[in-house]
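my_file.tsv follows; it contains TSV, C-alpha atoms.
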```tsv
chain	number	residue	atom	x	y	z
A	1	MET	CA	0.00	0.00	0.00
A	2	THR	CA	1.32	3.42	-0.96
A	3	LEU	CA	0.81	6.01	1.74
A	4	ARG	CA	0.18	9.58	0.65
A	5	LEU	CA	-0.98	12.79	2.25
A	6	GLY	CA	-4.65	12.26	3.01
A	7	SER	CA	-4.31	8.49	3.47
A	8	VAL	CA	-5.67	6.98	6.65
A	9	ALA	CA	-2.72	5.95	8.81
A	10	PRO	CA	-2.69	2.14	8.89
A	11	ASP	CA	-3.73	0.70	12.22
A	12	PHE	CA	-1.57	-1.92	13.93
A	13	GLU	CA	-0.88	-3.61	17.21
A	14	ALA	CA	2.62	-3.41	18.67
A	15	GLU	CA	4.74	-3.85	21.75
A	16	THR	CA	6.25	-0.64	23.07
A	17	THR	CA	8.38	0.48	25.98
A	18	GLN	CA	5.13	1.48	27.69
A	19	GLY	CA	3.23	-1.71	26.98
A	20	PRO	CA	1.13	-3.03	24.08
A	21	ILE	CA	-0.83	-0.59	21.94
A	22	ARG	CA	-3.31	-0.50	19.10
A	23	PHE	CA	-2.19	2.52	17.11
A	24	HIS	CA	-5.57	4.14	16.41
A	25	GLU	CA	-6.52	3.78	20.08
A	26	PHE	CA	-3.18	5.34	21.03
A	27	ILE	CA	-3.91	8.34	18.77
A	28	GLY	CA	-7.37	8.82	20.24
A	29	GLU	CA	-8.44	12.44	19.68
A	30	ASN	CA	-4.89	13.76	19.47
A	31	TRP	CA	-2.46	14.83	16.81
A	32	THR	CA	0.35	12.28	16.65
A	33	VAL	CA	3.93	12.19	15.38
A	34	LEU	CA	5.19	8.72	14.43
A	35	PHE	CA	8.91	8.73	13.71
A	36	SER	CA	11.36	5.93	12.99
A	37	HIS	CA	15.11	5.71	13.50
A	38	PRO	CA	17.64	3.23	12.07
A	39	ALA	CA	18.79	1.53	15.26
A	40	ASP	CA	19.24	1.80	19.00
A	41	PHE	CA	22.64	2.79	20.42
A	42	THR	CA	23.54	4.83	17.34
A	43	PRO	CA	24.87	8.41	17.57
A	44	VAL	CA	22.46	10.44	15.43
A	45	CYS	CA	19.39	8.65	16.78
A	46	THR	CA	20.52	9.23	20.35
A	47	THR	CA	20.66	12.99	19.80
A	48	GLU	CA	17.27	12.99	18.03
A	49	LEU	CA	15.37	11.16	20.75
A	50	GLY	CA	16.96	13.41	23.34
A	51	LEU	CA	15.63	16.42	21.43
A	52	VAL	CA	12.14	14.94	21.18
A	53	ALA	CA	12.11	14.27	24.92
A	54	ALA	CA	13.35	17.80	25.67
A	55	LEU	CA	10.42	19.19	23.63
A	56	GLN	CA	7.75	17.37	25.68
A	57	ASP	CA	6.20	20.64	26.89
A	58	GLU	CA	5.88	21.80	23.27
A	59	TRP	CA	4.13	18.56	22.23
A	60	ASP	CA	1.80	18.81	25.23
A	61	ALA	CA	0.92	22.44	24.44
A	62	ARG	CA	-0.26	21.34	20.99
A	63	GLN	CA	-2.01	18.17	22.25
A	64	VAL	CA	0.42	16.07	20.25
A	65	LYS	CA	1.46	12.54	21.10
A	66	VAL	CA	4.87	11.35	19.91
A	67	ILE	CA	5.87	7.73	19.40
A	68	GLY	CA	9.14	6.36	18.10
A	69	LEU	CA	9.93	3.14	16.25
A	70	SER	CA	13.11	1.17	15.77
A	71	ALA	CA	14.00	-2.24	14.36
A	72	ASN	CA	15.12	-3.47	17.78
A	73	GLY	CA	13.58	-5.33	20.69
A	74	LEU	CA	12.17	-3.95	23.92
A	75	GLU	CA	15.17	-4.82	26.08
A	76	ASP	CA	17.50	-2.81	23.83
A	77	HIS	CA	15.01	0.07	23.81
A	78	LYS	CA	14.85	0.22	27.59
A	79	LYS	CA	18.64	0.14	28.00
A	80	TRP	CA	19.06	2.79	25.33
A	81	ILE	CA	16.53	5.13	26.98
A	82	ALA	CA	18.81	5.23	30.02
A	83	ASP	CA	21.66	6.40	27.76
A	84	ILE	CA	19.45	9.05	26.12
A	85	ASN	CA	18.35	10.41	29.49
A	86	GLU	CA	21.94	10.56	30.71
A	87	ILE	CA	23.40	12.19	27.59
A	88	SER	CA	20.64	14.75	26.95
A	89	HIS	CA	19.65	15.35	30.61
A	90	VAL	CA	16.02	14.50	29.91
A	91	ASN	CA	13.32	12.15	31.10
A	92	LEU	CA	12.10	10.33	28.00
A	93	THR	CA	8.44	9.48	28.61
A	94	PHE	CA	7.04	8.72	25.15
A	95	PRO	CA	6.77	5.11	23.92
A	96	ILE	CA	9.13	3.48	21.44
A	97	ILE	CA	7.77	0.67	19.29
A	98	ALA	CA	9.74	-2.58	19.06
A	99	ASP	CA	9.75	-3.61	15.40
A	100	ALA	CA	12.53	-6.17	15.13
A	101	ASP	CA	10.60	-8.13	12.47
A	102	ARG	CA	10.05	-4.92	10.42
A	103	ARG	CA	6.32	-5.60	10.22
A	104	ILE	CA	5.30	-2.01	10.92
A	105	SER	CA	8.27	-0.59	9.00
A	106	ILE	CA	7.04	-2.42	5.91
A	107	LEU	CA	3.46	-1.26	6.52
A	108	TYR	CA	4.64	2.37	6.55
A	109	ASP	CA	7.36	1.92	3.89
A	110	MET	CA	10.13	2.91	6.30
A	111	LEU	CA	12.90	0.49	5.28
A	112	ASP	CA	16.20	1.77	3.91
A	113	TYR	CA	16.65	0.53	0.35
A	114	GLN	CA	19.34	3.07	-0.56
A	115	ASP	CA	22.19	2.59	1.90
A	116	PRO	CA	23.59	-0.97	1.58
A	117	THR	CA	25.40	-0.60	4.91
A	118	ASN	CA	22.27	0.21	6.91
A	119	VAL	CA	21.44	-3.44	7.60
A	120	ASP	CA	21.45	-5.78	10.58
A	121	ALA	CA	23.64	-8.85	11.04
A	122	LYS	CA	21.29	-10.84	8.82
A	123	GLY	CA	21.45	-8.25	6.02
A	124	ILE	CA	17.89	-7.03	6.61
A	125	PRO	CA	17.53	-3.25	6.08
A	126	PHE	CA	17.07	-1.02	9.11
A	127	THR	CA	14.51	1.77	9.11
A	128	ILE	CA	15.23	5.21	7.69
A	129	ARG	CA	14.41	8.48	9.42
A	130	SER	CA	10.72	8.78	8.57
A	131	VAL	CA	8.23	11.19	10.10
A	132	PHE	CA	4.44	11.01	9.88
A	133	ILE	CA	2.19	13.74	11.28
A	134	ILE	CA	-1.27	12.27	11.81
A	135	ASP	CA	-4.36	14.26	12.78
A	136	PRO	CA	-7.15	13.22	15.19
A	137	LYS	CA	-9.12	11.75	12.27
A	138	LYS	CA	-6.17	9.34	11.71
A	139	THR	CA	-5.34	11.10	8.44
A	140	ILE	CA	-1.70	11.48	7.39
A	141	ARG	CA	-0.96	15.19	6.99
A	142	LEU	CA	2.83	15.14	6.50
A	143	ILE	CA	5.42	12.59	5.40
A	144	LEU	CA	9.15	13.29	5.68
A	145	THR	CA	12.00	10.93	4.86
A	146	TYR	CA	15.58	11.69	5.83
A	147	PRO	CA	18.74	9.76	4.96
A	148	ALA	CA	20.28	7.77	7.79
A	149	SER	CA	23.23	10.18	7.93
A	150	THR	CA	21.16	13.30	8.67
A	151	GLY	CA	19.42	14.13	11.92
A	152	ARG	CA	16.00	15.71	11.77
A	153	ASN	CA	14.99	19.25	12.70
A	154	PHE	CA	12.13	18.84	15.17
A	155	ASP	CA	11.55	22.60	15.30
A	156	GLU	CA	10.40	22.24	11.67
A	157	ILE	CA	8.02	19.46	12.64
A	158	LEU	CA	6.53	21.68	15.35
A	159	ARG	CA	6.27	24.51	12.81
A	160	VAL	CA	4.28	22.30	10.43
A	161	ILE	CA	1.97	21.19	13.24
A	162	ASP	CA	1.32	24.85	14.11
A	163	SER	CA	0.49	25.56	10.46
A	164	LEU	CA	-1.78	22.54	10.10
A	165	GLN	CA	-3.65	23.20	13.32
A	166	LEU	CA	-4.13	26.86	12.43
A	167	GLY	CA	-5.32	25.98	8.94
A	168	ASP	CA	-7.81	23.46	10.30
A	169	THR	CA	-9.30	26.13	12.58
A	170	TYR	CA	-9.28	29.12	10.21
A	171	ARG	CA	-9.52	29.44	6.43
A	172	ILE	CA	-5.84	30.28	6.02
A	173	THR	CA	-2.58	28.88	4.70
A	174	THR	CA	0.97	29.81	5.70
A	175	PRO	CA	3.74	31.31	3.53
A	176	GLY	CA	7.28	30.06	3.06
A	177	ASN	CA	9.46	30.24	6.16
A	178	TRP	CA	6.36	31.04	8.23
A	179	LYS	CA	6.75	30.82	11.98
A	180	LYS	CA	4.12	30.92	14.70
A	181	GLY	CA	2.99	34.53	15.12
A	182	ASP	CA	3.85	35.62	11.55
A	183	ASP	CA	1.21	36.86	9.11
A	184	VAL	CA	-0.81	34.16	7.38
A	185	ILE	CA	-2.35	33.90	3.90
A	186	ILE	CA	-6.11	34.08	3.48
A	187	HIS	CA	-7.37	31.00	1.65
A	188	PRO	CA	-8.22	31.61	-2.03
A	189	SER	CA	-11.77	30.33	-1.43
A	190	VAL	CA	-12.44	33.37	0.78
A	191	SER	CA	-13.46	36.54	-1.07
A	192	THR	CA	-11.77	39.78	-0.06
A	193	GLU	CA	-15.11	41.17	1.12
A	194	GLU	CA	-15.67	38.08	3.24
A	195	ALA	CA	-12.10	38.27	4.52
A	196	HIS	CA	-12.63	41.71	6.04
A	197	SER	CA	-15.42	40.35	8.23
A	198	MET	CA	-13.66	37.07	9.01
A	199	PHE	CA	-10.32	38.59	9.98
A	200	PRO	CA	-10.89	41.68	12.14
A	201	LYS	CA	-7.15	42.22	12.67
A	202	GLY	CA	-6.98	43.49	9.08
A	203	VAL	CA	-6.47	42.33	5.50
A	204	LYS	CA	-3.48	43.31	3.37
A	205	VAL	CA	-4.06	42.76	-0.37
A	206	VAL	CA	-0.66	42.23	-2.02
A	207	LYS	CA	-2.25	40.79	-5.16
A	208	PRO	CA	-5.83	39.63	-5.71
A	209	TYR	CA	-4.57	36.08	-5.14
A	210	LEU	CA	-2.23	36.95	-2.24
A	211	ARG	CA	-3.89	38.48	0.82
A	212	LEU	CA	-2.33	38.52	4.27
A	213	THR	CA	-3.72	38.89	7.75
A	214	PRO	CA	-2.09	38.82	11.19
A	215	SER	CA	-1.94	35.36	12.73
A	216	PRO	CA	-5.07	34.57	14.77
A	217	PHE	CA	-2.78	33.49	17.62
```

The structure given in the file should be rewritten as structure tokens.
Amino acid sequence: MTLRLGSVAPDFEAETTQGPIRFHEFIGENWTVLFSHPADFTPVCTTELGLVAALQDEWDARQVKVIGLSANGLEDHKKWIADINEISHVNLTFPIIADADRRISILYDMLDYQDPTNVDAKGIPFTIRSVFIIDPKKTIRLILTYPASTGRNFDEILRVIDSLQLGDTYRITTPGNWKKGDDVIIHPSVSTEEAHSMFPKGVKVVKPYLRLTPSPF
């Protein structure tokens, strides 16, 4: 199955560092970030999970659940979490899925087919650095895939969540390099006359097709 933006995130059952889950039940009514990493006890991944743990207040403020996945077993995960906490001075509280058989990695097309060295002792590919942002309706809203050599920018993932949540609440989109608090773009489906009543903070018409208004938050 090919996953695209707008696809329903496939449901699955899995063992995690916080017990068994059914993914759709785990999501509940929340936004969710599912992200994979190549392997436990690896340098880039260690820094990434430390960053995600350090951002827990930011995830909570947006009502976002985060859940990691790696092609390792639970015992390795639990030992590795202790390293992450020590190195990054955090308390990692989100679950990490154990996917040693790659069942979920295959379901979400997260295996590394490019780097021939990114394999386990049996030659089976590890996961790449994938990110899925999933909304409360279980719809995939963002898919990112990074090479194994490059750590992710989780500030960008938060930025996209801010944009998506704002766009779901108001009839707006966000411009390039937008950050929370910057002006937003009024959706093309909104007439300029309608925009003046919808956006009391003001409407700036740059072009008939490009109209800005201060961010609603």

For Pro43 (chain A), find every residue with an atom within 12 Å (counting all atoms listed in the file), except residues of its own chain fewer than 3 positions away, and show them as a list of chain:residue names.
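Residues near the query, excluding close chain neighbours: A:His37, A:Pro38, A:Ala39, A:Asp40, A:Thr46, A:Thr47, A:Glu48, A:Leu49, A:Gly50, A:Trp80, A:Asp83, A:Ile84, A:Ile87, A:Ala148, A:Ser149, A:Thr150, A:Gly151.
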
d(CA of Val203 (chain A), CA of Asn177 (chain A)) in Å:
20.0 Å

Pairwise distance for CA of Ser7 (chain A) and CA of Thr139 (chain A), rounded to one decimal in Å
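Spanning CA of Ser7 (chain A) to CA of Thr139 (chain A) is a straight-line distance of 5.7 Å.
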
Just want the 12 Å neighbourhood of region 13-17 of chain A, counted on all atoms listed in the file, with same-chain residues fewer than 3 positions away dropped. Output as a VMD selection string.
chain A and resid 10 20 to 26 67 to 81 92 to 105 107

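You can rank A:Asp135, A:Asp109, A:Asp57, A:Asp11 by their closest distance to Val90 (chain A) using all atoms listed in the file, and at the top of that list sits A:Asp57.
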
Nearest to Arg159 (chain A): which of A:Met110, A:Lys137, A:Phe41, A:Glu58 is it, counting only C-alpha atoms?
A:Glu58

For Arg211 (chain A), find every residue with an atom within 8 Å (counting all atoms listed in the file), except residues of its own chain fewer than 5 positions away, and show them as a ChimeraX atom specification.
/A:185-186,203-206

Between A:Arg171, A:Lys65, A:Arg129, A:Lys180, which has the minimum distance to Arg152 (chain A) (counting only C-alpha atoms)?
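Counting only C-alpha atoms, the residue closest to Arg152 (chain A) is A:Arg129.
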
Using all atoms listed in the file, the best pick from A:Asp155, A:Gln56, A:Tyr108, A:Phe12 as closest to Phe132 (chain A) would be A:Tyr108

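One finds CA of Pro136 (chain A) at 5.2 Å from CA of Trp31 (chain A).
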
If we count only C-alpha atoms, what is near Val33 (chain A) at a cut-off of 10 Å, once residues fewer than 5 positions away on the same chain are taken out, given as a list in words?
Ile27, Trp59, Val64, Lys65, Val66, Ile67, Gly68, Val131, Phe132, Ile133, Ile134, Asp135, Ile140, Leu142, Ile157, Leu158 and Ile161 of chain A

Please determine, counting all atoms listed in the file, which residue among A:Gly181, A:Met198, A:Leu5, A:Val160 has the shortest atom-to-atom distance to Phe217 (chain A).
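Selected residue with least distance to Phe217 (chain A): A:Gly181.
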
Give the padded box for region 198-209 of chain A as AutoDock Vina command-line options: axis-aligned, covering all atoms listed in the file, 5 Å on each side, centre and edge lengths in Å to one decimal.
```
--center_x -7.2 --center_y 39.8 --center_z 3.5 --size_x 23.0 --size_y 17.4 --size_z 28.4
```

Got a minute to add all heavy atoms to region 27-38 of chain A and dump it as a compact mmCIF listing (two decimals), in the frame of the given file?
```txt
# COMPACT_ATOMS: atom_id res chain seq x y z
N ILE A 27 -3.69 6.99 19.30
CA ILE A 27 -3.91 8.34 18.77
C ILE A 27 -5.09 8.99 19.48
O ILE A 27 -5.01 10.15 19.90
CB ILE A 27 -4.17 8.30 17.25
CG1 ILE A 27 -2.91 7.83 16.50
CG2 ILE A 27 -4.60 9.68 16.74
CD1 ILE A 27 -3.14 7.56 15.02
N GLY A 28 -6.18 8.26 19.60
CA GLY A 28 -7.37 8.82 20.24
C GLY A 28 -7.85 10.07 19.52
O GLY A 28 -8.05 10.06 18.30
N GLU A 29 -7.99 11.17 20.25
CA GLU A 29 -8.44 12.44 19.68
C GLU A 29 -7.29 13.42 19.54
O GLU A 29 -7.51 14.64 19.48
CB GLU A 29 -9.53 13.04 20.57
CG GLU A 29 -10.77 12.18 20.73
CD GLU A 29 -11.47 11.94 19.40
OE1 GLU A 29 -11.54 12.89 18.59
OE2 GLU A 29 -11.92 10.80 19.16
N ASN A 30 -6.08 12.92 19.49
CA ASN A 30 -4.89 13.76 19.47
C ASN A 30 -4.25 13.83 18.09
O ASN A 30 -4.47 12.98 17.24
CB ASN A 30 -3.85 13.22 20.45
CG ASN A 30 -4.36 13.17 21.87
OD1 ASN A 30 -4.35 14.16 22.59
ND2 ASN A 30 -4.82 12.00 22.28
N TRP A 31 -3.42 14.84 17.89
CA TRP A 31 -2.46 14.83 16.81
C TRP A 31 -1.32 13.90 17.26
O TRP A 31 -1.03 13.79 18.46
CB TRP A 31 -1.91 16.23 16.55
CG TRP A 31 -2.90 17.14 15.90
CD1 TRP A 31 -3.97 17.74 16.49
CD2 TRP A 31 -2.91 17.54 14.53
NE1 TRP A 31 -4.66 18.50 15.57
CE2 TRP A 31 -4.02 18.40 14.36
CE3 TRP A 31 -2.09 17.27 13.43
CZ2 TRP A 31 -4.34 18.97 13.13
CZ3 TRP A 31 -2.39 17.84 12.22
CH2 TRP A 31 -3.51 18.68 12.06
N THR A 32 -0.69 13.25 16.31
CA THR A 32 0.35 12.28 16.65
C THR A 32 1.51 12.39 15.67
O THR A 32 1.30 12.58 14.47
CB THR A 32 -0.22 10.84 16.62
OG1 THR A 32 -1.27 10.75 17.59
CG2 THR A 32 0.85 9.81 16.95
N VAL A 33 2.73 12.27 16.20
CA VAL A 33 3.93 12.19 15.38
C VAL A 33 4.51 10.79 15.56
O VAL A 33 4.91 10.41 16.67
CB VAL A 33 4.97 13.25 15.78
CG1 VAL A 33 6.27 13.04 14.99
CG2 VAL A 33 4.43 14.65 15.54
N LEU A 34 4.53 10.03 14.48
CA LEU A 34 5.19 8.72 14.43
C LEU A 34 6.51 8.91 13.72
O LEU A 34 6.55 9.39 12.59
CB LEU A 34 4.31 7.71 13.70
CG LEU A 34 4.97 6.37 13.31
CD1 LEU A 34 5.36 5.57 14.54
CD2 LEU A 34 4.05 5.57 12.39
N PHE A 35 7.62 8.55 14.37
CA PHE A 35 8.91 8.73 13.71
C PHE A 35 9.78 7.50 13.96
O PHE A 35 9.79 6.91 15.03
CB PHE A 35 9.61 10.00 14.19
CG PHE A 35 10.06 10.00 15.62
CD1 PHE A 35 11.40 9.82 15.94
CD2 PHE A 35 9.15 10.17 16.65
CE1 PHE A 35 11.82 9.82 17.26
CE2 PHE A 35 9.57 10.18 17.97
CZ PHE A 35 10.90 10.00 18.28
N SER A 36 10.50 7.10 12.92
CA SER A 36 11.36 5.93 12.99
C SER A 36 12.82 6.35 13.01
O SER A 36 13.18 7.43 12.55
CB SER A 36 11.11 5.01 11.80
OG SER A 36 11.42 5.68 10.59
N HIS A 37 13.67 5.47 13.53
CA HIS A 37 15.11 5.71 13.50
C HIS A 37 15.80 4.39 13.16
O HIS A 37 15.26 3.31 13.40
CB HIS A 37 15.61 6.29 14.81
CG HIS A 37 15.18 5.53 16.03
ND1 HIS A 37 13.98 5.76 16.66
CD2 HIS A 37 15.78 4.54 16.71
CE1 HIS A 37 13.87 4.95 17.69
NE2 HIS A 37 14.95 4.20 17.75
N PRO A 38 16.99 4.45 12.56
CA PRO A 38 17.64 3.23 12.07
C PRO A 38 17.91 2.17 13.12
O PRO A 38 17.66 0.99 12.89
CB PRO A 38 18.94 3.75 11.44
CG PRO A 38 18.60 5.14 11.01
CD PRO A 38 17.67 5.66 12.08
```
